[in-house]
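To start, the structure itself, in structure tokens.
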2 protein chains.
Amino acid sequence: MSRPRPAADVDAYDLTADVIVVGLGIAGVAAALEAVEAGADTLVLEAAAAGGGTSALSGGIVYLGGGTPVQEACGFDDTAENMARFLAEACGPGVDRGKLEAFCEGSVELYHWLTDHGLEFEHTFYATTAGREPPDTSGLIYSGGEDAHPGAEVATPAPRGHHPRYPDAAGVHIMDVLLAELDRTAARVLTSTTVERLIVDGHRVVGVEARAGGKAIRAEARGGVALTAGGFVFNDDMVARHTPELLRANLRIGTDHDDGRGIRMAQAVGAATINMSAFECAVPITPPLGLMRGVIVNARGLRFVNEDAYTGRIGIELLARQDGEGYLIVDEDVYEVNLVGMQAMAVAETIEELAEEIRVPADALAATLDVYNRNASEGRDPLFHKRPEMLKPLAPPLGIIDLRVESTFYAVFTLGGLWTDADGAVLSEDGEAIAGLHAAGRTTSGIAVRGYVSGISLADGLFFGRRAGRSAAIDLAGTA
Amino acid sequence: MSRPRPAADVDAYDLTADVIVVGLGIAGVAAALEAVEAGADTLVLEAAAAGGGTSALSGGIVYLGGGTPVQEACGFDDTAENMARFLAEACGPGVDRGKLEAFCEGSVELYHWLTDHGLEFEHTFYATTAGREPPDTSGLIYSGGEDAHPGAEVATPAPRGHHPRYPDAAGVHIMDVLLAELDRTAARVLTSTTVERLIVDGHRVVGVEARAGGKAIRAEARGGVALTAGGFVFNDDMVARHTPELLRANLRIGTDHDDGRGIRMAQAVGAATINMSAFECAVPITPPLGLMRGVIVNARGLRFVNEDAYTGRIGIELLARQDGEGYLIVDEDVYEVNLVGMQAMAVAETIEELAEEIRVPADALAATLDVYNRNASEGRDPLFHKRPEMLKPLAPPLGIIDLRVESTFYAVFTLGGLWTDADGAVLSEDGEAIAGLHAAGRTTSGIAVRGYVSGISLADGLFFGRRAGRSAAIDLAGTA
């Protein structure tokens, strides 16, 4: 299916370009803009009827730092090194150090590139979102647990979630602005055009074969091909094979075109994959932040995470390590119905009743709450290091919010993909670049590996998308 | 480096065979014997100076069940379905159901194949090994926690670790017997011959290119190639990329030739990999079994596993989920120096002293021990379900055995590799078989995925090695 076609079997090409970009989400539009700006005749092929992809469905947070104008105006100190320290912990273990350093060192420049391309960011900080986009046009939020354990101990806390001036989930706005920019260039964009395989000349990728309206299209890339075709969360076979946990989640984030196509066609020409079992899982307990003052326990009645951690950290813990079983215990002070409508499944007058309700061992649950309450009354959490302002002893009656995977929102997508270098070159398992082939976005393994922060997908899609587009254009110079 | 050579670039072959087997560990010898028995002219290429590989370093347990003569003689009931239920839990999540069913259904036949090929198994059961080979010539042991939580709840407990009549670690004996069998056939074996790449004609694998004494050798496979070249635990780059946790372990199990070569050369022709982040990690606390009566806590002073679980389950938990931090707490009744010399690092008269010694929160540790002791005195472990006979309240003075990764044995190897079907065909990410290419053993992802049982590597190497050899021979019939 995804097997490459030898160039020798192609009589004539229907189209020719310097750079071919496959997929028009955030990484694709960045690759195309950069290729055009490098002087390359650029052709973009998008499977859907319009550009946007999963990026247009997102909240529109872009993870930027190291001292952006918004961070500075809002009074937050940050450096590329500080940002890298935080992300190595938050997105690891196993973060690619070379990519991470390039990403953090280039982050302020990426901010300016975005504003140069028409996006605006208010110089305002919104304090209480807990990783979700702000409910207004504010420009800056904490979006990955920077101010919570363990991030707050490895790096100076700084918010890095940049949100464009747009009064709603801003992903669609970011894509609209950048697609309009692309529209003003000479780049050709073919939509409803599904790339099916690469065309190779020996070990070099020289083009793609696509299908549009039942007709095969063969396009030659004089320079290179940039694969920016999304992840694989909507390919059930691949999910079952690589991230079987995700089959249990009730909310897969993506579009039908996140079918792993880019990964498959690259692998068919010898590309290596990496971190294919990695995924993001957000369980949106907060906002409101006040719910962080509750206690999360697993099916054994034991705590396993600081409740003020980033939603993705809690979600990955729940799905990857706790078998999708957890409960948030609250009292009358703490309880609120949250933003996605999570409500208490039961209220108990005693810990024994509570334990019976959620079928966890009563004495273990009692011990957990006893240790928690005793320390919380002293403003300490020596076990999981929740912030003092989120600590308070819980007093009966106690309510239970059901966090089990079969009961509430587990929003998931895949993080594994092609192994690329910091310039977007696609590599073999030996670490050799596959000539003519570049990739970015969720088709690749990016900055986030076994952890996640909101805004990292748009940010690394932009950053490495641009680099993939530029590298593909440089290929042209190299071959010309 | 591992890129395939097009057949068109090969003027003449130095050697020709029906089936070429790459690597002569357990999977390789099984593939070669089966290919020969199917009538194929068989050539085996081994990088080391002699066959054996990592299999010859192993304890020589072979995981067999479903009602073998040894199981029956020792009075244990087992069926293929029961064995599959157990392994799906013990080796999962994510075990390949098709492979698992074939493996379990064919297990008794594999037993007879082994005895037909010269191995002998005593019809005796050795009770107290806890997953290690018996210290004598006994034929049968529990080797994967079959009689402990959670395995004992999903399937009727039956021991399946089959150990040949040999008074020591029997891996070398198994390899000696099977290599002698191979020696009696017409198969050609070239040692000190390192295969470097595959030779391809279009999408079909038609041979291999190897190096021996500085000289290139090109060998043509009229039928197929079977890759049985081991895992990648001795390739630091691949380990850093796929299983970074293993860099912390002090005992990698394998030989220098476990360098991922088979995986790399197959991936270079479009093969998919699967479960590349998976690994086995054994922390040999037991035997003696009595140490299971202690309590294992993590760096927070919380339990996280039943202490009578299989050593590999405890090890994977420690390294993959507890950041390599754990302590076994014992009292005077429980304490013994174990088989690998683990000793108490300290003795404490009180829980406060104990907590200070291992730097865990004292009140959490006290709560953990309090809950444990209270339940243990009633013969129950509602949290982690340790067997009643391993439960006893611990009384001061308490000793601490250090289970941290930097302090004790973590014996590790990789479990990820090529994606193959139940017949040993190597597949692309689309699920298409790569013509002429087969694989087995640790070059592939086998039965064990995110968990492990002792004996599964020899067993699935044998089982799928035989299938790979047979498939490669059938390829010949297909093309002839």
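To be explicit about the labels: the chains of the structure tokens are called A, B, and onward in the order shown, and within each one the residues are counted from 1, while ligands get numbers from 1 in the order they are shown.
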Residues of chain A within 9 Å of chain B, counting only C-alpha atoms, what are they? List them as a compact mmCIF listing (two decimals) with all heavy atoms, in the first residue's frame.
```txt
# COMPACT_ATOMS: atom_id res chain seq x y z
N MET A 1 0.84 -1.20 0.00
CA MET A 1 0.00 0.00 0.00
C MET A 1 0.88 1.25 0.00
O MET A 1 0.82 2.07 -0.91
CB MET A 1 -0.91 0.00 1.22
CG MET A 1 -1.85 -1.21 1.25
SD MET A 1 -3.15 -1.08 2.49
CE MET A 1 -2.23 -1.35 4.00
N SER A 2 1.74 1.38 1.04
CA SER A 2 2.58 2.57 1.15
C SER A 2 3.92 2.37 0.46
O SER A 2 4.79 3.23 0.55
CB SER A 2 2.84 2.90 2.61
OG SER A 2 1.63 3.01 3.32
N ARG A 3 4.13 1.25 -0.18
CA ARG A 3 5.43 0.97 -0.79
C ARG A 3 5.82 2.02 -1.80
O ARG A 3 4.98 2.48 -2.58
CB ARG A 3 5.37 -0.38 -1.50
CG ARG A 3 5.50 -1.52 -0.55
CD ARG A 3 5.50 -2.82 -1.31
NE ARG A 3 5.72 -3.89 -0.37
CZ ARG A 3 5.42 -5.17 -0.61
NH1 ARG A 3 4.90 -5.51 -1.77
NH2 ARG A 3 5.67 -6.08 0.29
N PRO A 6 9.37 3.12 -7.73
CA PRO A 6 10.66 3.50 -8.31
C PRO A 6 10.46 4.55 -9.41
O PRO A 6 9.53 4.44 -10.21
CB PRO A 6 11.19 2.18 -8.90
CG PRO A 6 10.38 1.10 -8.27
CD PRO A 6 9.05 1.70 -7.94
N PRO A 93 10.86 11.10 30.36
CA PRO A 93 12.26 10.98 29.96
C PRO A 93 12.42 10.64 28.49
O PRO A 93 11.47 10.21 27.85
CB PRO A 93 12.78 9.83 30.83
CG PRO A 93 11.58 9.01 31.13
CD PRO A 93 10.42 9.96 31.18
N GLY A 94 13.64 10.89 28.00
CA GLY A 94 13.94 10.51 26.62
C GLY A 94 13.84 11.63 25.61
O GLY A 94 13.86 11.39 24.41
N ASP A 96 14.85 14.38 23.08
CA ASP A 96 16.02 14.53 22.21
C ASP A 96 16.72 15.85 22.53
O ASP A 96 16.18 16.92 22.28
CB ASP A 96 15.53 14.51 20.76
CG ASP A 96 16.64 14.59 19.74
OD1 ASP A 96 17.54 15.46 19.89
OD2 ASP A 96 16.61 13.83 18.77
N GLY A 202 16.73 5.15 -6.50
CA GLY A 202 17.72 4.54 -5.61
C GLY A 202 17.33 4.84 -4.18
O GLY A 202 16.20 4.56 -3.77
N HIS A 203 18.23 5.43 -3.38
CA HIS A 203 17.92 5.73 -1.99
C HIS A 203 17.33 7.13 -1.82
O HIS A 203 17.06 7.56 -0.70
CB HIS A 203 19.19 5.60 -1.13
CG HIS A 203 19.72 4.21 -1.07
ND1 HIS A 203 18.94 3.14 -0.68
CD2 HIS A 203 20.93 3.69 -1.36
CE1 HIS A 203 19.66 2.03 -0.73
NE2 HIS A 203 20.87 2.34 -1.15
N ASP A 237 -5.63 0.13 13.58
CA ASP A 237 -4.62 -0.94 13.59
C ASP A 237 -3.33 -0.45 14.24
O ASP A 237 -2.73 -1.15 15.06
CB ASP A 237 -4.31 -1.41 12.16
CG ASP A 237 -5.43 -2.24 11.58
OD1 ASP A 237 -6.29 -2.71 12.35
OD2 ASP A 237 -5.46 -2.39 10.35
N MET A 238 -2.90 0.73 13.84
CA MET A 238 -1.66 1.25 14.41
C MET A 238 -1.82 1.55 15.90
O MET A 238 -0.92 1.29 16.70
CB MET A 238 -1.18 2.49 13.64
CG MET A 238 -0.65 2.15 12.25
SD MET A 238 -0.08 3.62 11.32
CE MET A 238 1.46 4.03 12.17
N ALA A 240 -3.84 0.04 17.97
CA ALA A 240 -3.87 -1.25 18.68
C ALA A 240 -2.46 -1.81 18.84
O ALA A 240 -2.13 -2.44 19.84
CB ALA A 240 -4.75 -2.24 17.93
N ARG A 241 -1.63 -1.56 17.87
CA ARG A 241 -0.29 -2.14 17.87
C ARG A 241 0.68 -1.35 18.75
O ARG A 241 1.50 -1.92 19.44
CB ARG A 241 0.21 -2.14 16.43
CG ARG A 241 1.34 -3.04 16.15
CD ARG A 241 1.27 -3.52 14.72
NE ARG A 241 1.56 -2.49 13.74
CZ ARG A 241 0.75 -2.11 12.76
NH1 ARG A 241 -0.45 -2.63 12.65
NH2 ARG A 241 1.12 -1.20 11.91
N HIS A 242 0.57 -0.03 18.69
CA HIS A 242 1.59 0.80 19.34
C HIS A 242 1.11 1.46 20.64
O HIS A 242 1.91 1.66 21.54
CB HIS A 242 2.06 1.89 18.37
CG HIS A 242 2.71 1.36 17.13
ND1 HIS A 242 3.91 0.67 17.18
CD2 HIS A 242 2.35 1.39 15.83
CE1 HIS A 242 4.25 0.32 15.94
NE2 HIS A 242 3.32 0.73 15.11
N THR A 243 -0.14 1.86 20.69
CA THR A 243 -0.66 2.56 21.88
C THR A 243 -2.02 1.97 22.26
O THR A 243 -3.04 2.66 22.25
CB THR A 243 -0.83 4.07 21.60
OG1 THR A 243 -1.67 4.24 20.43
CG2 THR A 243 0.49 4.76 21.36
N PRO A 244 -2.01 0.67 22.64
CA PRO A 244 -3.31 0.01 22.87
C PRO A 244 -4.15 0.67 23.96
O PRO A 244 -5.37 0.56 23.95
CB PRO A 244 -2.90 -1.42 23.25
CG PRO A 244 -1.45 -1.35 23.63
CD PRO A 244 -0.87 -0.23 22.83
N GLU A 245 -3.50 1.38 24.89
CA GLU A 245 -4.26 2.05 25.96
C GLU A 245 -5.29 3.02 25.37
O GLU A 245 -6.34 3.25 25.96
CB GLU A 245 -3.33 2.86 26.87
CG GLU A 245 -2.25 2.04 27.58
CD GLU A 245 -0.95 1.98 26.81
OE1 GLU A 245 -0.97 2.15 25.57
OE2 GLU A 245 0.09 1.72 27.45
N ILE A 263 3.89 8.43 8.31
CA ILE A 263 4.80 7.49 8.97
C ILE A 263 4.97 6.25 8.11
O ILE A 263 6.08 5.78 7.87
CB ILE A 263 4.24 7.11 10.36
CG1 ILE A 263 4.19 8.34 11.27
CG2 ILE A 263 5.08 5.99 10.99
CD1 ILE A 263 3.41 8.13 12.56
N ARG A 264 3.85 5.74 7.61
CA ARG A 264 3.92 4.47 6.86
C ARG A 264 4.70 4.62 5.56
O ARG A 264 5.52 3.78 5.22
CB ARG A 264 2.50 3.96 6.59
CG ARG A 264 1.84 3.40 7.85
CD ARG A 264 0.45 2.87 7.58
NE ARG A 264 -0.54 3.95 7.53
CZ ARG A 264 -1.46 4.09 6.58
NH1 ARG A 264 -1.52 3.21 5.58
NH2 ARG A 264 -2.32 5.07 6.62
N MET A 265 4.45 5.72 4.85
CA MET A 265 5.14 5.81 3.55
C MET A 265 6.64 6.09 3.74
O MET A 265 7.45 5.66 2.92
CB MET A 265 4.47 6.83 2.63
CG MET A 265 4.60 8.25 3.00
SD MET A 265 3.71 9.34 1.81
CE MET A 265 2.00 9.10 2.32
N ALA A 266 7.01 6.76 4.83
CA ALA A 266 8.43 6.97 5.09
C ALA A 266 9.10 5.68 5.56
O ALA A 266 10.21 5.36 5.15
CB ALA A 266 8.61 8.07 6.14
N GLN A 267 8.40 4.96 6.42
CA GLN A 267 8.98 3.72 6.91
C GLN A 267 9.20 2.74 5.75
O GLN A 267 10.18 1.99 5.75
CB GLN A 267 8.06 3.10 7.95
CG GLN A 267 8.81 2.22 8.91
CD GLN A 267 8.00 1.88 10.13
OE1 GLN A 267 6.81 1.66 10.08
NE2 GLN A 267 8.67 1.83 11.26
N ALA A 268 8.35 2.82 4.76
CA ALA A 268 8.49 1.93 3.61
C ALA A 268 9.75 2.23 2.79
O ALA A 268 10.18 1.39 2.01
CB ALA A 268 7.25 2.02 2.71
N VAL A 269 10.34 3.41 2.99
CA VAL A 269 11.62 3.69 2.31
C VAL A 269 12.78 3.64 3.31
O VAL A 269 13.87 4.15 3.02
CB VAL A 269 11.60 5.04 1.55
CG1 VAL A 269 10.48 5.04 0.52
CG2 VAL A 269 11.47 6.23 2.49
N GLY A 270 12.58 3.03 4.46
CA GLY A 270 13.70 2.81 5.38
C GLY A 270 13.80 3.79 6.53
O GLY A 270 14.79 3.79 7.26
N ALA A 271 12.78 4.62 6.75
CA ALA A 271 12.82 5.54 7.88
C ALA A 271 12.58 4.80 9.19
O ALA A 271 11.80 3.85 9.23
CB ALA A 271 11.74 6.62 7.71
N ALA A 272 13.24 5.25 10.24
CA ALA A 272 13.03 4.68 11.57
C ALA A 272 11.93 5.45 12.29
O ALA A 272 11.74 6.64 12.06
CB ALA A 272 14.32 4.75 12.38
N THR A 273 11.25 4.75 13.17
CA THR A 273 10.29 5.40 14.05
C THR A 273 10.84 5.39 15.47
O THR A 273 11.74 4.62 15.79
CB THR A 273 8.94 4.69 14.04
OG1 THR A 273 9.14 3.31 14.34
CG2 THR A 273 8.27 4.82 12.69
N ILE A 274 10.27 6.25 16.30
CA ILE A 274 10.74 6.36 17.67
C ILE A 274 9.58 6.76 18.57
O ILE A 274 8.66 7.47 18.14
CB ILE A 274 11.92 7.37 17.73
CG1 ILE A 274 12.46 7.53 19.15
CG2 ILE A 274 11.57 8.70 17.13
CD1 ILE A 274 13.78 8.30 19.20
N ASN A 275 9.61 6.24 19.78
CA ASN A 275 8.60 6.58 20.78
C ASN A 275 7.18 6.29 20.32
O ASN A 275 6.24 7.02 20.65
CB ASN A 275 8.72 8.05 21.19
CG ASN A 275 10.05 8.37 21.84
OD1 ASN A 275 10.51 7.61 22.69
ND2 ASN A 275 10.68 9.45 21.43
N MET A 276 7.00 5.21 19.58
CA MET A 276 5.68 4.92 19.02
C MET A 276 4.65 4.58 20.09
O MET A 276 3.45 4.64 19.84
CB MET A 276 5.79 3.78 18.00
CG MET A 276 6.48 4.18 16.72
SD MET A 276 5.56 5.43 15.76
CE MET A 276 4.35 4.36 14.94
N SER A 277 5.08 4.22 21.28
CA SER A 277 4.12 3.91 22.34
C SER A 277 3.74 5.13 23.16
O SER A 277 2.93 5.04 24.08
CB SER A 277 4.71 2.83 23.26
OG SER A 277 5.87 3.32 23.89
N ALA A 299 -7.09 2.81 42.40
CA ALA A 299 -8.01 1.75 42.79
C ALA A 299 -7.60 1.08 44.10
O ALA A 299 -8.36 0.30 44.66
CB ALA A 299 -8.09 0.70 41.68
N ARG A 300 -6.39 1.38 44.58
CA ARG A 300 -5.95 0.83 45.87
C ARG A 300 -6.13 1.84 47.01
O ARG A 300 -5.72 1.59 48.13
CB ARG A 300 -4.48 0.43 45.79
CG ARG A 300 -4.23 -0.70 44.83
CD ARG A 300 -2.80 -1.18 44.91
NE ARG A 300 -2.70 -2.49 44.30
CZ ARG A 300 -2.26 -2.73 43.06
NH1 ARG A 300 -1.87 -1.73 42.31
NH2 ARG A 300 -2.23 -3.95 42.58
N GLY A 301 -6.69 3.02 46.66
CA GLY A 301 -6.86 4.03 47.68
C GLY A 301 -5.58 4.79 47.99
O GLY A 301 -5.48 5.49 49.00
N LEU A 302 -4.59 4.70 47.10
CA LEU A 302 -3.31 5.39 47.30
C LEU A 302 -3.21 6.60 46.36
O LEU A 302 -3.68 6.54 45.23
CB LEU A 302 -2.14 4.44 47.00
CG LEU A 302 -2.08 3.14 47.79
CD1 LEU A 302 -0.91 2.29 47.31
CD2 LEU A 302 -1.95 3.42 49.29
N ARG A 321 -0.29 4.30 33.79
CA ARG A 321 0.26 3.64 34.97
C ARG A 321 -0.77 3.16 35.98
O ARG A 321 -0.46 2.36 36.84
CB ARG A 321 1.24 4.59 35.68
CG ARG A 321 2.40 5.00 34.79
CD ARG A 321 3.39 5.84 35.55
NE ARG A 321 4.60 6.03 34.76
CZ ARG A 321 5.77 6.43 35.26
NH1 ARG A 321 5.88 6.69 36.55
NH2 ARG A 321 6.81 6.59 34.49
N VAL A 360 -12.50 0.52 47.23
CA VAL A 360 -11.07 0.48 47.55
C VAL A 360 -10.95 0.06 49.01
O VAL A 360 -11.89 0.24 49.80
CB VAL A 360 -10.36 1.83 47.30
CG1 VAL A 360 -10.61 2.34 45.89
CG2 VAL A 360 -10.76 2.87 48.33
N PRO A 361 -9.81 -0.52 49.38
CA PRO A 361 -9.65 -0.99 50.78
C PRO A 361 -9.78 0.18 51.75
O PRO A 361 -9.07 1.18 51.64
CB PRO A 361 -8.24 -1.58 50.78
CG PRO A 361 -7.95 -1.92 49.35
CD PRO A 361 -8.64 -0.86 48.55
N ASP A 363 -9.05 0.62 54.96
CA ASP A 363 -7.97 1.04 55.85
C ASP A 363 -6.85 1.75 55.09
O ASP A 363 -6.24 2.69 55.59
CB ASP A 363 -7.44 -0.11 56.72
CG ASP A 363 -6.96 -1.30 55.92
OD1 ASP A 363 -7.14 -1.29 54.67
OD2 ASP A 363 -6.40 -2.22 56.52
N ALA A 364 -6.62 1.33 53.84
CA ALA A 364 -5.62 2.03 53.03
C ALA A 364 -6.09 3.45 52.70
O ALA A 364 -5.33 4.42 52.79
CB ALA A 364 -5.35 1.26 51.74
N ALA A 367 -5.76 5.55 55.74
CA ALA A 367 -4.36 5.92 55.98
C ALA A 367 -3.93 7.01 55.02
O ALA A 367 -3.24 7.97 55.40
CB ALA A 367 -3.47 4.68 55.85
N THR A 368 -4.32 6.89 53.76
CA THR A 368 -3.97 7.91 52.76
C THR A 368 -4.50 9.28 53.19
O THR A 368 -3.77 10.28 53.19
CB THR A 368 -4.56 7.54 51.39
OG1 THR A 368 -3.96 6.32 50.95
CG2 THR A 368 -4.30 8.63 50.37
N ASP A 370 -5.55 10.21 56.14
CA ASP A 370 -5.00 10.61 57.43
C ASP A 370 -3.63 11.28 57.25
O ASP A 370 -3.37 12.36 57.78
CB ASP A 370 -4.89 9.36 58.33
CG ASP A 370 -4.40 9.72 59.71
OD1 ASP A 370 -4.98 10.65 60.31
OD2 ASP A 370 -3.43 9.09 60.18
N VAL A 371 -2.75 10.64 56.49
CA VAL A 371 -1.42 11.22 56.24
C VAL A 371 -1.57 12.55 55.50
O VAL A 371 -0.94 13.55 55.85
CB VAL A 371 -0.54 10.24 55.43
CG1 VAL A 371 0.73 10.92 54.95
CG2 VAL A 371 -0.21 9.00 56.26
N TYR A 372 -2.44 12.57 54.50
CA TYR A 372 -2.64 13.80 53.74
C TYR A 372 -3.15 14.92 54.63
O TYR A 372 -2.62 16.03 54.63
CB TYR A 372 -3.62 13.54 52.58
CG TYR A 372 -3.93 14.80 51.79
CD1 TYR A 372 -3.05 15.22 50.80
CD2 TYR A 372 -5.05 15.58 52.05
CE1 TYR A 372 -3.29 16.38 50.07
CE2 TYR A 372 -5.31 16.73 51.34
CZ TYR A 372 -4.42 17.13 50.35
OH TYR A 372 -4.67 18.29 49.65
N PRO A 382 4.69 16.19 51.92
CA PRO A 382 6.02 15.57 51.71
C PRO A 382 6.00 14.42 50.71
O PRO A 382 7.03 14.07 50.17
CB PRO A 382 6.41 15.08 53.11
CG PRO A 382 5.14 15.00 53.88
CD PRO A 382 4.22 16.03 53.32
N LEU A 383 4.84 13.86 50.45
CA LEU A 383 4.78 12.73 49.52
C LEU A 383 4.76 13.17 48.06
O LEU A 383 5.49 12.67 47.23
CB LEU A 383 3.54 11.88 49.79
CG LEU A 383 3.62 10.88 50.92
CD1 LEU A 383 2.36 10.01 50.91
CD2 LEU A 383 4.84 9.99 50.78
N PHE A 384 3.90 14.13 47.72
CA PHE A 384 3.72 14.47 46.30
C PHE A 384 3.94 15.96 46.00
O PHE A 384 3.83 16.38 44.87
CB PHE A 384 2.37 13.98 45.80
CG PHE A 384 2.29 12.48 45.74
CD1 PHE A 384 1.77 11.75 46.80
CD2 PHE A 384 2.79 11.80 44.66
CE1 PHE A 384 1.74 10.36 46.76
CE2 PHE A 384 2.76 10.42 44.59
CZ PHE A 384 2.23 9.69 45.66
N SER A 428 17.31 7.01 9.20
CA SER A 428 17.18 5.55 9.30
C SER A 428 17.58 5.13 10.71
O SER A 428 18.10 5.94 11.49
CB SER A 428 18.11 4.88 8.30
OG SER A 428 19.44 4.94 8.78
N GLU A 429 17.38 3.87 11.05
CA GLU A 429 17.76 3.38 12.39
C GLU A 429 19.27 3.49 12.61
O GLU A 429 19.74 3.57 13.74
CB GLU A 429 17.29 1.93 12.54
CG GLU A 429 17.31 1.38 13.95
CD GLU A 429 16.32 2.03 14.90
OE1 GLU A 429 15.12 2.04 14.63
OE2 GLU A 429 16.77 2.54 15.96
N ASP A 430 20.03 3.57 11.52
CA ASP A 430 21.48 3.81 11.64
C ASP A 430 21.81 5.28 11.91
O ASP A 430 22.97 5.61 12.13
CB ASP A 430 22.18 3.43 10.33
CG ASP A 430 22.24 1.92 10.13
OD1 ASP A 430 22.35 1.19 11.14
OD2 ASP A 430 22.21 1.49 8.98
N GLU A 432 21.29 7.63 9.57
CA GLU A 432 21.60 8.25 8.28
C GLU A 432 20.37 8.98 7.75
O GLU A 432 19.25 8.44 7.80
CB GLU A 432 21.98 7.19 7.26
CG GLU A 432 23.35 6.58 7.48
CD GLU A 432 23.67 5.57 6.38
OE1 GLU A 432 22.86 4.67 6.15
OE2 GLU A 432 24.75 5.70 5.80
```
Check: Can you tell me, as number ranges by chain, what residues are no more than 8 Å from Asp258 in chain A when counting only C-alpha atoms, ignoring any on the same chain fewer than 5 positions away?
Finding: A: 229-235
Next item on the list: Find the residues near His163 in chain B: any atom within 7 Å, counting only C-alpha atoms, skip ones fewer than 4 places away on the same chain, and give them as a PyMOL selection string.
Entry: chain B and resi 60-62+121+138-140
Given the selection you just returned, output its residues as a file containing all heavy atoms, formatted as an mmCIF file, in the first residue's frame.
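As written to disk, part.cif reads:
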```cif
data_model
loop_
_atom_site.group_PDB
_atom_site.id
_atom_site.type_symbol
_atom_site.label_atom_id
_atom_site.label_comp_id
_atom_site.auth_asym_id
_atom_site.auth_seq_id
_atom_site.Cartn_x
_atom_site.Cartn_y
_atom_site.Cartn_z
ATOM 1 N N GLY B 60 18.497 -21.425 30.676
ATOM 2 C CA GLY B 60 18.040 -22.631 30.005
ATOM 3 C C GLY B 60 16.627 -23.057 30.342
ATOM 4 O O GLY B 60 16.255 -24.210 30.160
ATOM 5 N N ILE B 61 15.830 -22.123 30.829
ATOM 6 C CA ILE B 61 14.410 -22.419 31.046
ATOM 7 C C ILE B 61 13.680 -22.223 29.709
ATOM 8 O O ILE B 61 13.883 -21.226 29.032
ATOM 9 C CB ILE B 61 13.800 -21.459 32.081
ATOM 10 C CG1 ILE B 61 14.603 -21.469 33.386
ATOM 11 C CG2 ILE B 61 12.328 -21.776 32.329
ATOM 12 C CD1 ILE B 61 14.599 -22.780 34.097
ATOM 13 N N VAL B 62 12.823 -23.188 29.368
ATOM 14 C CA VAL B 62 11.985 -23.070 28.167
ATOM 15 C C VAL B 62 10.528 -23.048 28.626
ATOM 16 O O VAL B 62 10.084 -23.955 29.333
ATOM 17 C CB VAL B 62 12.211 -24.248 27.200
ATOM 18 C CG1 VAL B 62 11.449 -24.009 25.896
ATOM 19 C CG2 VAL B 62 13.702 -24.443 26.914
ATOM 20 N N PHE B 121 14.064 -33.986 29.710
ATOM 21 C CA PHE B 121 13.504 -33.246 30.842
ATOM 22 C C PHE B 121 13.069 -34.245 31.899
ATOM 23 O O PHE B 121 12.276 -35.151 31.614
ATOM 24 C CB PHE B 121 12.295 -32.423 30.392
ATOM 25 C CG PHE B 121 12.627 -31.363 29.371
ATOM 26 C CD1 PHE B 121 12.561 -31.648 28.007
ATOM 27 C CD2 PHE B 121 13.026 -30.099 29.772
ATOM 28 C CE1 PHE B 121 12.876 -30.681 27.062
ATOM 29 C CE2 PHE B 121 13.345 -29.130 28.830
ATOM 30 C CZ PHE B 121 13.268 -29.412 27.473
ATOM 31 N N SER B 138 16.159 -30.804 38.115
ATOM 32 C CA SER B 138 14.698 -30.870 38.079
ATOM 33 C C SER B 138 14.158 -30.318 36.761
ATOM 34 O O SER B 138 14.743 -29.418 36.160
ATOM 35 C CB SER B 138 14.108 -30.055 39.229
ATOM 36 O OG SER B 138 14.452 -30.635 40.458
ATOM 37 N N GLY B 139 12.996 -30.851 36.350
ATOM 38 C CA GLY B 139 12.482 -30.529 35.034
ATOM 39 C C GLY B 139 11.485 -29.416 34.962
ATOM 40 O O GLY B 139 11.235 -28.880 33.874
ATOM 41 N N LEU B 140 10.867 -29.025 36.103
ATOM 42 C CA LEU B 140 9.732 -28.103 36.018
ATOM 43 C C LEU B 140 9.744 -27.116 37.184
ATOM 44 O O LEU B 140 9.938 -27.532 38.336
ATOM 45 C CB LEU B 140 8.421 -28.921 36.033
ATOM 46 C CG LEU B 140 7.112 -28.208 35.737
ATOM 47 C CD1 LEU B 140 7.117 -27.613 34.322
ATOM 48 C CD2 LEU B 140 5.925 -29.137 35.913
#
```
Next item on the list: Would you please extract all strand (DSSP E) residues from range 200-403 of chain B, as assigned by DSSP on the backbone, and give them as a ChimeraX atom specification?
Entry: /B:200-201,204-212,215-227,251-252,273-274,279-282,295-297,327-331,344-348,398-402
Checklist line | DSSP-assigned helix (DSSP H, G or I) members of range 21-63 of chain A, reported as a ChimeraX atom specification | finding: /A:26-37,53-57
Margin query: Can you tell me which residues surround range 279-284 of chain A at a distance of at most 10 Å, considering only C-alpha atoms, apart from same-chain residues fewer than 5 positions away, and format the answer as a PyMOL selection string?
Written below: chain A and resi 130-132+233+242-243+245-246+249+251-253+310-320+338-342+403-405+408-416+448-454
Next item on the list: Can you pull out every residue within 12 Å of Gly28 in chain A, counting only C-alpha atoms, but drop anything in the same chain fewer than 2 positions away, and send it as a ChimeraX atom specification?
Entry: /A:19-26,30-35,42-46,51-55,175,178-179,182,189,225-230,438-443,458,460-470
